Each structure stands twice: as structure tokens, then as C-alpha cells.
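Right, one structure below, let's go through it.
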Amino acid sequence: MNKDFLQELKNYALEKRVPIIRDKSAFFLQEQIKLAKAKNILEIGTAVGYSTCLMLEANTDANITTIELKEASYKIALEVFVGMGVENQVEACNGDAIECLKVFAQEGRKFDFIFLDGPKGQYIKYLPYCKQMLESGGIIFADNVYLHGMVLQQEPIKHKHRAMVNNLRKFLYDITHDEELETTIYELEDGIAIIKKK
């Protein structure tokens, strides 16, 4: 794995204000990949491919299917995967995550690790598909579940964020009350949920 290329990619994302995983969360993600010995990974929210490369750095034998809605980001990510020499380990999909998930589920695809980092208000909609496709003993790593702390906020939420916050609260309720799942929420950076399928 080309560390210099990865650092350049991180710098580019920060400069262009492309949302990428934060440093402590990135380290935690890599640790979880190693612990799980994850080989078949689904990522929702490619952006420019930074976290995809981090996961492949954590397990160089893994294969990743990654979904990105924005065509411009998707095209950059494709170039990044070639630049990193990992294009043969990545299946990149450009489209709406729900539509892609429906197709994958219909195909009967299975994953042992799912990295959830797309639009936060959509996590609750992704969950049934993720659950269906997750192997028994598999992990869902959901990033930014506190949405800049707004999910924990006691005072009223501004209208423009209300639907997102309510959806995330429902997501957190569901993953902690589903008997098929074992969930731990970590107070790391913007909140991370580690969800294991029993």
C-alpha cells in the first residue's frame, strides 16, 4: 500500500472539503477489519476512495464492493484505485445506495463486514438490506451516528436537520433493540456503532 499516495489523497479530500473518515475513527475501522479478518466488505459511501484504501491496507486479501452516488467522486475513486494498485480488489458502483442494495440482496450476495458511511439519514433504510446480506457473526461499522452531536441534543433540532436526526435516533433504537443484533456504541469522535449479527 502506497502510504504517500494515501496521504496525498487525504490532503486532497481535506482541501476540497470531501467528507472522509476522521483519524481516530479510521484507526478504529482498521482495527475492526483486522479483528474480524474481514474478506468480503461492503462500503456505502465511497467519496474519493480514501476509506476503501484504508480497509484494504488493514487486510490486503480483502475484496470491497463500494457504492457512491456522486459521479464526480466515483470517477476520482476509480483513478485512486488504479493509482493504489487495488483496482482488481474493488467493485465500484455509481448509483443510489438503496437501488444498489436491492440488486445485491436479490442476487443473494453476502458480506462479512459492512462500512456504513453514506447519508446518515438513510442508515435506517439501509439496515434491512445490510442485515439480510450480513453473514452470521459479521459486523456493521456505522460511522457518525451522533451527527455532530445533534442526535444527543436535548433542545429542539433545527428544521433542516430534524428528519436526519429523527432517522438516526430510530436507527440507534432499532440496532440496540433487535434480538438478532449485538450493538456497542462508542463515544469516539462523532459516534460509532459496531453491530454484530448473531
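Identifiers for the C-alpha cells are assigned positionally: chains receive A, B, ... in sequence, residues are indexed from 1 per chain, and ligands are indexed from 1 in the order shown.
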Based on the backbone DSSP call, show me all residues of range 98-145 of chain A assigned helix (DSSP H, G or I), as a short mmCIF file (atom, residue, chain, number, x, y, z; two decimals) with N, CA, C and O atoms, in the first residue's frame.
data_model
loop_
_atom_site.label_atom_id
_atom_site.label_comp_id
_atom_site.auth_asym_id
_atom_site.auth_seq_id
_atom_site.Cartn_x
_atom_site.Cartn_y
_atom_site.Cartn_z
N ILE A 98 -29.69 2.63 -2.07
CA ILE A 98 -30.86 1.75 -1.88
C ILE A 98 -31.08 0.87 -3.11
O ILE A 98 -31.32 -0.34 -2.99
N GLU A 99 -30.98 1.48 -4.30
CA GLU A 99 -31.17 0.71 -5.54
C GLU A 99 -30.09 -0.36 -5.68
O GLU A 99 -30.39 -1.50 -6.07
N CYS A 100 -28.86 -0.01 -5.38
CA CYS A 100 -27.75 -0.98 -5.46
C CYS A 100 -27.95 -2.10 -4.44
O CYS A 100 -27.75 -3.28 -4.76
N LEU A 101 -28.37 -1.74 -3.22
CA LEU A 101 -28.58 -2.74 -2.17
C LEU A 101 -29.69 -3.71 -2.54
O LEU A 101 -29.58 -4.91 -2.29
N LYS A 102 -30.74 -3.18 -3.16
CA LYS A 102 -31.85 -4.04 -3.59
C LYS A 102 -31.35 -5.10 -4.58
O LYS A 102 -31.70 -6.27 -4.49
N VAL A 103 -30.52 -4.66 -5.53
CA VAL A 103 -29.97 -5.58 -6.53
C VAL A 103 -29.07 -6.62 -5.86
O VAL A 103 -29.20 -7.83 -6.12
N PHE A 104 -28.18 -6.17 -4.98
CA PHE A 104 -27.27 -7.10 -4.29
C PHE A 104 -28.06 -8.14 -3.48
O PHE A 104 -27.73 -9.31 -3.47
N ALA A 105 -29.10 -7.67 -2.80
CA ALA A 105 -29.93 -8.56 -1.97
C ALA A 105 -30.63 -9.60 -2.84
O ALA A 105 -30.67 -10.79 -2.50
N GLN A 106 -31.15 -9.13 -3.98
CA GLN A 106 -31.82 -10.05 -4.91
C GLN A 106 -30.85 -11.09 -5.46
O GLN A 106 -31.22 -12.23 -5.72
N LYS A 120 -26.37 10.00 6.45
CA LYS A 120 -26.70 9.48 7.79
C LYS A 120 -28.20 9.24 7.97
O LYS A 120 -28.61 8.30 8.65
N GLY A 121 -29.02 10.09 7.34
CA GLY A 121 -30.46 9.94 7.46
C GLY A 121 -31.00 8.70 6.77
O GLY A 121 -32.15 8.32 6.98
N GLN A 122 -30.15 8.07 5.95
CA GLN A 122 -30.57 6.88 5.21
C GLN A 122 -30.19 5.57 5.91
O GLN A 122 -30.61 4.49 5.46
N TYR A 123 -29.42 5.65 6.98
CA TYR A 123 -28.96 4.43 7.66
C TYR A 123 -30.12 3.49 7.99
O TYR A 123 -30.02 2.28 7.82
N ILE A 124 -31.22 4.07 8.45
CA ILE A 124 -32.39 3.27 8.85
C ILE A 124 -32.96 2.52 7.64
O ILE A 124 -33.47 1.40 7.77
N LYS A 125 -32.87 3.13 6.45
CA LYS A 125 -33.38 2.48 5.23
C LYS A 125 -32.43 1.40 4.72
O LYS A 125 -32.85 0.43 4.10
N TYR A 126 -31.13 1.60 4.97
CA TYR A 126 -30.14 0.60 4.54
C TYR A 126 -30.17 -0.65 5.42
O TYR A 126 -29.82 -1.74 4.97
N LEU A 127 -30.58 -0.46 6.67
CA LEU A 127 -30.44 -1.52 7.68
C LEU A 127 -31.05 -2.88 7.28
O LEU A 127 -30.38 -3.91 7.41
N PRO A 128 -32.31 -2.94 6.78
CA PRO A 128 -32.87 -4.26 6.44
C PRO A 128 -32.05 -5.01 5.39
O PRO A 128 -31.86 -6.22 5.50
N TYR A 129 -31.53 -4.27 4.41
CA TYR A 129 -30.72 -4.91 3.36
C TYR A 129 -29.37 -5.36 3.93
O TYR A 129 -28.89 -6.46 3.61
N CYS A 130 -28.78 -4.50 4.75
CA CYS A 130 -27.49 -4.85 5.37
C CYS A 130 -27.62 -6.09 6.24
O CYS A 130 -26.79 -6.99 6.21
N LYS A 131 -28.69 -6.12 7.01
CA LYS A 131 -28.94 -7.29 7.88
C LYS A 131 -29.09 -8.56 7.07
O LYS A 131 -28.53 -9.60 7.40
N GLN A 132 -29.84 -8.44 5.98
CA GLN A 132 -30.09 -9.60 5.12
C GLN A 132 -28.79 -10.14 4.50
O GLN A 132 -28.60 -11.35 4.41
N MET A 133 -27.89 -9.23 4.11
CA MET A 133 -26.69 -9.63 3.39
C MET A 133 -25.49 -9.92 4.31
O MET A 133 -24.48 -10.43 3.85
#
Within 6 Å of range 62-77 of chain A using only C-alpha atoms, minus same-chain residues under 5 positions, as an NGL selection string: :A and (39-49 or 89-96)
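In this structure, CA of Gly85 in chain A sits 14.3 Å away from CA of Asn59 in chain A.
The neighbours of Glu180 in chain A here are the residues that come within 9 Å of it, using only C-alpha atoms and leaving out any residue fewer than 5 positions away in the same chain; they are Lys196, Lys197 and Lys198 of chain A.
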Separation of CA of Asp112 in chain A from CA of Glu135 in chain A in Å: 5.2 Å
DSSP strand (DSSP E or B) residues within range 31-131 of chain A, as JSON, numbers by chain: {"A": [40, 41, 42, 43, 44, 63, 64, 65, 66, 67, 68, 90, 91, 92, 93, 94, 111, 112, 113, 114, 115, 116]}
Residue contacts of Ala142 in chain A (6 Å, only C-alpha atoms) excluding same-chain residues fewer than 6 positions away, as a PyMOL selection string: chain A and resi 116+192-193
Save the residues we just selected, C-alpha atoms, as a PDB file, in the first residue's frame?
ATOM      1  CA  LEU A 116     -21.870   2.399   6.659  1.00  0.00           C
ATOM      2  CA  ILE A 192     -19.501   4.812  16.044  1.00  0.00           C
ATOM      3  CA  ALA A 193     -21.874   1.860  16.255  1.00  0.00           C
TER       4      ALA A 193
END
Contacts of Met164 in chain A at 9 Å (only C-alpha atoms; same-chain gap of 3+ positions) as a PyMOL selection string: chain A and resi 119-122+147+160-161+167-169
Of the listed residues A:Ile175, A:Leu6, A:Ile21, A:Ala58, that which approaches Asp190 in chain A most closely, counting only C-alpha atoms: A:Ile21
